[in-house]
Every structure is written in structure tokens, then in C-alpha cells.
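entry-v6.cif, holding mmCIF, C-alpha atoms:
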```
data_protein
loop_
_atom_site.label_atom_id
_atom_site.label_comp_id
_atom_site.auth_asym_id
_atom_site.auth_seq_id
_atom_site.Cartn_x
_atom_site.Cartn_y
_atom_site.Cartn_z
CA MET J 1 -31.68 20.37 88.75
CA LYS J 2 -34.37 20.62 91.38
CA THR J 3 -36.93 23.35 91.90
CA CYS J 4 -36.95 24.42 95.54
CA ILE J 5 -38.67 26.81 97.89
CA ALA J 6 -36.83 28.59 100.69
CA LEU J 7 -38.97 30.11 103.44
CA LEU J 8 -37.09 32.57 105.64
CA ARG J 9 -38.48 33.38 109.03
CA GLY J 10 -38.41 36.77 110.68
CA ILE J 11 -37.07 39.07 107.98
CA ASN J 12 -38.46 42.50 107.15
CA VAL J 13 -41.00 42.33 110.00
CA GLY J 14 -41.85 45.45 111.94
CA GLY J 15 -38.84 47.35 110.63
CA ARG J 16 -36.42 44.77 112.00
CA ASN J 17 -34.05 42.32 110.32
CA LEU J 18 -34.17 44.22 107.07
CA LEU J 19 -33.03 42.38 103.98
CA PRO J 20 -33.68 43.66 100.45
CA MET J 21 -34.93 40.91 98.14
CA LYS J 22 -32.33 41.83 95.50
CA GLU J 23 -29.66 41.03 98.06
CA LEU J 24 -31.36 37.74 98.95
CA VAL J 25 -31.35 36.81 95.25
CA SER J 26 -27.64 37.65 95.12
CA ILE J 27 -26.95 35.46 98.16
CA LEU J 28 -28.71 32.48 96.62
CA GLU J 29 -27.00 32.96 93.28
CA GLY J 30 -23.68 33.08 95.12
CA LEU J 31 -24.54 29.66 96.57
CA GLY J 32 -25.17 28.27 93.08
CA ALA J 33 -28.92 28.78 92.72
CA GLU J 34 -30.38 29.60 89.32
CA THR J 35 -33.63 31.23 88.17
CA VAL J 36 -34.11 32.81 91.60
CA ARG J 37 -37.46 34.52 92.21
CA THR J 38 -38.83 36.13 95.35
CA TYR J 39 -42.35 36.93 96.45
CA ILE J 40 -43.11 39.91 98.67
CA GLN J 41 -40.60 41.13 101.23
CA SER J 42 -41.05 38.38 103.81
CA GLY J 43 -38.61 35.76 102.60
CA ASN J 44 -40.30 33.54 100.04
CA VAL J 45 -37.86 32.30 97.41
CA VAL J 46 -38.17 29.87 94.52
CA PHE J 47 -35.06 28.69 92.68
CA ARG J 48 -33.39 25.85 90.79
CA SER J 49 -30.29 24.09 92.01
CA PRO J 50 -28.32 20.92 91.44
CA ALA J 51 -29.46 18.37 94.02
CA ALA J 52 -25.92 18.07 95.40
CA ASN J 53 -25.98 21.74 96.50
CA LEU J 54 -29.24 21.62 98.46
CA ARG J 55 -27.91 20.44 101.81
CA ARG J 56 -25.81 23.54 102.25
CA PHE J 57 -28.44 26.11 101.27
CA PRO J 58 -30.19 26.79 104.62
CA GLU J 59 -26.94 27.17 106.54
CA GLY J 60 -25.30 29.07 103.69
CA ILE J 61 -28.15 31.57 103.44
CA THR J 62 -28.21 32.10 107.20
CA ALA J 63 -24.42 32.51 107.40
CA GLU J 64 -24.27 35.01 104.55
CA ILE J 65 -27.13 37.11 105.96
CA HIS J 66 -25.40 37.10 109.35
CA LYS J 67 -22.13 38.18 107.74
CA ARG J 68 -23.82 41.08 105.93
CA HIS J 69 -26.54 42.12 108.40
CA ARG J 70 -25.74 40.59 111.81
CA PHE J 71 -28.95 38.59 112.23
CA GLU J 72 -29.62 34.92 111.55
CA PRO J 73 -33.00 34.04 110.11
CA SER J 74 -34.03 30.43 110.14
CA VAL J 75 -34.41 29.01 106.65
CA LEU J 76 -36.70 26.16 105.78
CA LEU J 77 -36.01 24.47 102.45
CA LEU J 78 -38.60 22.39 100.60
CA GLU J 79 -38.36 20.68 97.28
CA ARG J 80 -41.23 21.48 94.94
CA LYS J 81 -42.67 17.98 95.34
CA ALA J 82 -42.94 18.37 99.15
CA PHE J 83 -44.52 21.79 98.74
CA GLU J 84 -47.12 20.36 96.34
CA LYS J 85 -47.83 17.55 98.79
CA ALA J 86 -48.46 20.08 101.56
CA ILE J 87 -50.97 21.84 99.31
CA SER J 88 -52.73 18.63 98.31
CA MET J 89 -53.10 17.52 101.95
CA ASN J 90 -55.01 20.67 102.99
CA PRO J 91 -57.90 19.42 105.16
CA PHE J 92 -59.75 22.75 105.04
CA THR J 93 -60.52 23.13 101.34
CA ASP J 94 -63.73 24.95 102.23
CA ALA J 95 -61.57 27.81 103.61
CA GLU J 96 -59.60 28.30 100.36
CA PRO J 97 -61.97 31.01 99.03
CA GLU J 98 -60.90 33.16 102.04
CA PRO J 99 -57.12 32.75 101.63
CA LYS J 100 -56.16 35.15 104.44
CA THR J 101 -57.86 32.87 106.98
CA LEU J 102 -56.08 29.67 105.96
CA HIS J 103 -52.43 29.16 106.93
CA LEU J 104 -49.85 26.45 106.51
CA GLY J 105 -47.28 26.29 109.28
CA PHE J 106 -44.15 24.72 107.79
CA LEU J 107 -42.26 22.91 110.55
CA ALA J 108 -38.52 22.28 110.71
CA SER J 109 -39.30 18.63 111.52
CA ALA J 110 -42.24 16.46 112.48
CA PRO J 111 -42.99 17.04 116.19
CA SER J 112 -42.06 14.07 118.36
CA SER J 113 -44.51 14.87 121.15
CA PRO J 114 -46.88 17.69 120.18
CA ASP J 115 -49.26 18.90 122.89
CA LEU J 116 -52.44 18.68 120.82
CA LYS J 117 -54.71 18.80 123.88
CA SER J 118 -53.33 22.19 124.86
CA LEU J 119 -53.66 23.39 121.27
CA GLU J 120 -57.29 22.30 121.36
CA ARG J 121 -57.84 24.32 124.56
CA LEU J 122 -56.42 27.44 122.88
CA ARG J 123 -58.64 27.04 119.84
CA ALA J 124 -61.53 29.51 119.48
CA LYS J 125 -64.86 27.92 118.58
CA ASN J 126 -64.63 28.97 114.94
CA GLU J 127 -60.97 27.93 114.51
CA ARG J 128 -59.65 24.63 113.22
CA PHE J 129 -56.23 23.01 113.09
CA ARG J 130 -54.73 19.79 111.84
CA LEU J 131 -51.19 18.52 112.15
CA ARG J 132 -50.04 16.39 109.25
CA GLY J 133 -46.38 15.44 109.38
CA LYS J 134 -44.32 18.61 109.05
CA ILE J 135 -47.29 20.88 108.30
CA LEU J 136 -49.73 22.54 110.70
CA TYR J 137 -52.89 23.61 108.91
CA LEU J 138 -54.68 26.51 110.61
CA HIS J 139 -58.03 28.04 109.79
CA THR J 140 -58.46 31.28 111.74
CA PRO J 141 -61.55 33.12 110.44
CA ASP J 142 -61.04 36.09 112.80
CA GLY J 143 -57.41 36.53 111.73
CA LEU J 144 -54.08 34.96 112.55
CA GLY J 145 -52.95 37.93 114.65
CA ARG J 146 -55.91 37.54 117.01
CA SER J 147 -55.62 33.79 117.38
CA LYS J 148 -54.39 32.32 120.67
CA LEU J 149 -54.13 28.99 118.84
CA ALA J 150 -51.73 30.48 116.29
CA ALA J 151 -49.75 32.30 118.97
CA GLY J 152 -49.19 29.15 121.03
CA SER J 153 -48.78 26.59 118.29
CA GLU J 154 -45.00 26.64 117.85
CA ARG J 155 -44.37 26.35 121.60
CA LEU J 156 -46.88 23.50 122.00
CA LEU J 157 -45.57 21.63 118.97
CA GLY J 158 -42.00 21.99 120.20
CA VAL J 159 -40.62 22.57 116.70
CA PRO J 160 -39.62 25.80 114.87
CA MET J 161 -42.29 26.90 112.42
CA THR J 162 -42.87 29.54 109.77
CA ALA J 163 -46.40 30.15 108.49
CA ARG J 164 -47.73 31.34 105.15
CA ASN J 165 -51.32 32.15 104.25
CA TRP J 166 -53.06 30.35 101.42
CA ARG J 167 -52.71 33.28 99.02
CA THR J 168 -48.94 33.28 99.52
CA VAL J 169 -48.77 29.49 99.21
CA MET J 170 -50.64 29.66 95.89
CA LYS J 171 -48.35 32.42 94.60
CA ILE J 172 -45.26 30.43 95.57
CA ARG J 173 -46.73 27.41 93.77
CA GLU J 174 -47.32 29.52 90.66
CA MET J 175 -43.73 30.79 90.77
CA ALA J 176 -42.38 27.25 91.24
CA ASN J 177 -44.34 26.10 88.19
CA GLU J 178 -42.95 29.01 86.14
CA VAL J 179 -39.37 28.30 87.25
CA GLU J 180 -39.83 24.60 86.47
CA CYS J 181 -41.16 25.39 82.98
CA ARG J 182 -38.22 27.72 82.21
CA SER J 183 -35.80 24.85 82.64
#
```

Full structure transcribed into C-alpha cells:
Amino acid sequence: MKTCIALLRGINVGGRNLLPMKELVSILEGLGAETVRTYIQSGNVVFRSPAANLRRFPEGITAEIHKRHRFEPSVLLLERKAFEKAISMNPFTDAEPEPKTLHLGFLASAPSSPDLKSLERLRAKNERFRLRGKILYLHTPDGLGRSKLAAGSERLLGVPMTARNWRTVMKIREMANEVECRS
């Protein structure tokens, strides 16, 4: 059994693509997941599953949500080890005490030709970013919603992305540790 994290993009945002977390738990359990836990209403899920089942989870979750609600969120699946690695590679540890200003952009794949020069031009003087493999680390002291860097990053990387702030990342880590210990 593996402990995994599923990050769903674009659910329960602005009154659109509504999906109750109880229903999301039911969907994952129907796909064979165990010890399913969610965090807030924005599609953060921790669960255990046999390794053989993992390949079908993202597509299975998306298909079942589409069947029930007629929208298709993208689903990014990470094993606990990869999630821990993303945390340990954070280049902006000095920003951790202000967790709402530090974000990890989880990418569907490593960008083959990211436009880092254009990202640099979008960056405000007090902002920082670093691309490491399939993670974009963003420090936006004035807020993610105000950041031109954050707004343009997915387009300039050329890869689908879903971002979580440091507080959420730490809570997901805590949940993953709890799920792992229950096994």
C-alpha cells in the first residue's frame, strides 16, 4: 500500500464546479482507495492504495466527477515520497513563517522549454521564483492574487499546474503522516 496525495484543480472555486468532499471521498473509495482524508474544499486528498491501482486514479476521478457533475477537473497524483521531496527542496525557507506568501506549483510534467526570461520580466521586485523539476516555487509577499508572475507562470511554463500555499502543503503533509501511521 502506498500513501498518495491527489490535488484537484478548479473545484469549488467562485461557486463553480461544486463538489462536496464527502462525495470526493466516496469516489476515491469506489476506485479502491482506503483511509481517504480531505483538506478544505479545494481538492486536497490523502489516501492509501495498492500500487497497482495508482495509474488509473487521476483518470478515474476525473471520469466519475464528469459523470456525476458534468465537469472534468484535472487531477495530479503524487506519492508521499515525491511530496516530501518537493517540501525538502523549497529554496525559500526564509518565507516559511509567512505561509500565505509561499506557494508550490505542482506541474503535470517537467517543462521541456520553459520561458524563464519572460517569467523574470513578470516578477515584481519583491517576488522570487524557482523551477525545480515538476515544482515551481513562488514567493509572492504581496499576495498570489496580485502577482503577474503567478498569473503568467502556467502559460510560460507550458505545462498544467495547480498551486498550494505553504500552510496547505504542511497540512497535507501532516495528514499523509497520519494516514501512513494508521496503516

Selection as a list in words: residues within 10 Å of (-56.8, 23.9, 99.9), counting all atoms listed in the file:
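Result, sorted by chain then residue number: Ala86, Ile87, Ser88, Met89, Asn90, Pro91, Phe92, Thr93, Asp94, Ala95, Glu96, Pro97, Pro99, Leu102, His103, Leu104, Tyr137, Trp166, Val169 and Met170 of chain J.
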
Dump C-alpha atoms for the selected residues as a tab-separated table (two decimals), in the coordinates of the input?
```
chain	number	residue	atom	x	y	z
J	86	ALA	CA	-48.46	20.08	101.56
J	87	ILE	CA	-50.97	21.84	99.31
J	88	SER	CA	-52.73	18.63	98.31
J	89	MET	CA	-53.10	17.52	101.95
J	90	ASN	CA	-55.01	20.67	102.99
J	91	PRO	CA	-57.90	19.42	105.16
J	92	PHE	CA	-59.75	22.75	105.04
J	93	THR	CA	-60.52	23.13	101.34
J	94	ASP	CA	-63.73	24.95	102.23
J	95	ALA	CA	-61.57	27.81	103.61
J	96	GLU	CA	-59.60	28.30	100.36
J	97	PRO	CA	-61.97	31.01	99.03
J	99	PRO	CA	-57.12	32.75	101.63
J	102	LEU	CA	-56.08	29.67	105.96
J	103	HIS	CA	-52.43	29.16	106.93
J	104	LEU	CA	-49.85	26.45	106.51
J	137	TYR	CA	-52.89	23.61	108.91
J	166	TRP	CA	-53.06	30.35	101.42
J	169	VAL	CA	-48.77	29.49	99.21
J	170	MET	CA	-50.64	29.66	95.89
```

Point out the residue among J:Gln41, J:Thr3, J:Ser49, J:Ser112 with the least atom-to-atom distance to J:Val159, counting all atoms listed in the file.
J:Ser112

How many Å lie between atom CA of J:Leu157 and atom CA of J:Leu78, rounded to one decimal?
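A separation of 19.7 Å between them.
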
Skip J:Met161 itself and residues of its chain fewer than 3 positions away, then list as JSON, numbers by chain all residues within 8 Å of it, counting only C-alpha atoms.
{"J": [105, 106, 107, 108, 154]}

Name the residues that the PyMOL selection byres ((chain J and resi 127) around 9) pulls out of this structure, and write them as a PDB file with C-alpha atoms, in the coordinates of the input.
```pdb
ATOM      1  CA  ARG J 123     -58.640  27.040 119.840  1.00  0.00           C
ATOM      2  CA  ALA J 124     -61.530  29.510 119.480  1.00  0.00           C
ATOM      3  CA  LYS J 125     -64.860  27.920 118.580  1.00  0.00           C
ATOM      4  CA  ASN J 126     -64.630  28.970 114.940  1.00  0.00           C
ATOM      5  CA  ARG J 128     -59.650  24.630 113.220  1.00  0.00           C
ATOM      6  CA  PHE J 129     -56.230  23.010 113.090  1.00  0.00           C
ATOM      7  CA  LEU J 138     -54.680  26.510 110.610  1.00  0.00           C
ATOM      8  CA  HIS J 139     -58.030  28.040 109.790  1.00  0.00           C
ATOM      9  CA  THR J 140     -58.460  31.280 111.740  1.00  0.00           C
ATOM     10  CA  PRO J 141     -61.550  33.120 110.440  1.00  0.00           C
ATOM     11  CA  ASP J 142     -61.040  36.090 112.800  1.00  0.00           C
ATOM     12  CA  SER J 147     -55.620  33.790 117.380  1.00  0.00           C
ATOM     13  CA  LEU J 149     -54.130  28.990 118.840  1.00  0.00           C
TER      14      LEU J 149
END
```

What is the distance, in Å and to one decimal place, between atom CA of J:Ala151 and atom CA of J:Lys100?
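Straight-line distance from atom CA of J:Ala151 to atom CA of J:Lys100 works out to 16.1 Å.
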
Given the choices J:Val179, J:Leu18, J:Met1, J:Ala33, which gets closest to J:His66 if the distance is worked out from all atoms listed in the file?
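Closest to J:His66 of all the choices is J:Leu18.
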
Translate the PyMOL selection byres ((chain J and resi 26) around 12), as applied to the file shown, into an explicit residue set as number ranges by chain.
J: 19-25, 27-38, 45, 47, 61, 64-65, 68

Could you tell me which residues the PyMOL selection byres ((chain J and resi 174) around 12) grabs in this file, written as a list in words?
Ile5, Arg37, Thr38, Tyr39, Val45, Val46, Arg80, Phe83, Glu84, Arg167, Thr168, Val169, Met170, Lys171, Ile172, Arg173, Met175, Ala176, Asn177, Glu178, Val179, Glu180 and Cys181 of chain J

Pairwise distance for atom CA of J:Arg9 and atom CA of J:Ala163, rounded to one decimal in Å:
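Taking atom CA of J:Arg9 as the start and atom CA of J:Ala163 as the end point, the length is 8.6 Å.
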
Can you pull out the residues contacting J:Gly43? Cut-off 7 Å, using only C-alpha atoms, and skip same-chain residues under 3 positions away; I want them as a list in words.
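In the requested form, the answer reads Leu7, Leu8, Arg9 and Ile11 of chain J.
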
List as a VMD selection string the protein and nucleic acid residues near J:Asp115, meaning an atom at most 10 Å away when all atoms listed in the file are counted, but skip any in the same chain fewer than 5 places from it.
chain J and resid 120 153 155 to 158

For J:Asn17, the nearest of the candidates J:Phe71, J:Arg121, J:Ala150, J:Ser113, counting all atoms listed in the file
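Nearest candidate to J:Asn17 out of J:Phe71, J:Arg121, J:Ala150, J:Ser113: J:Phe71.
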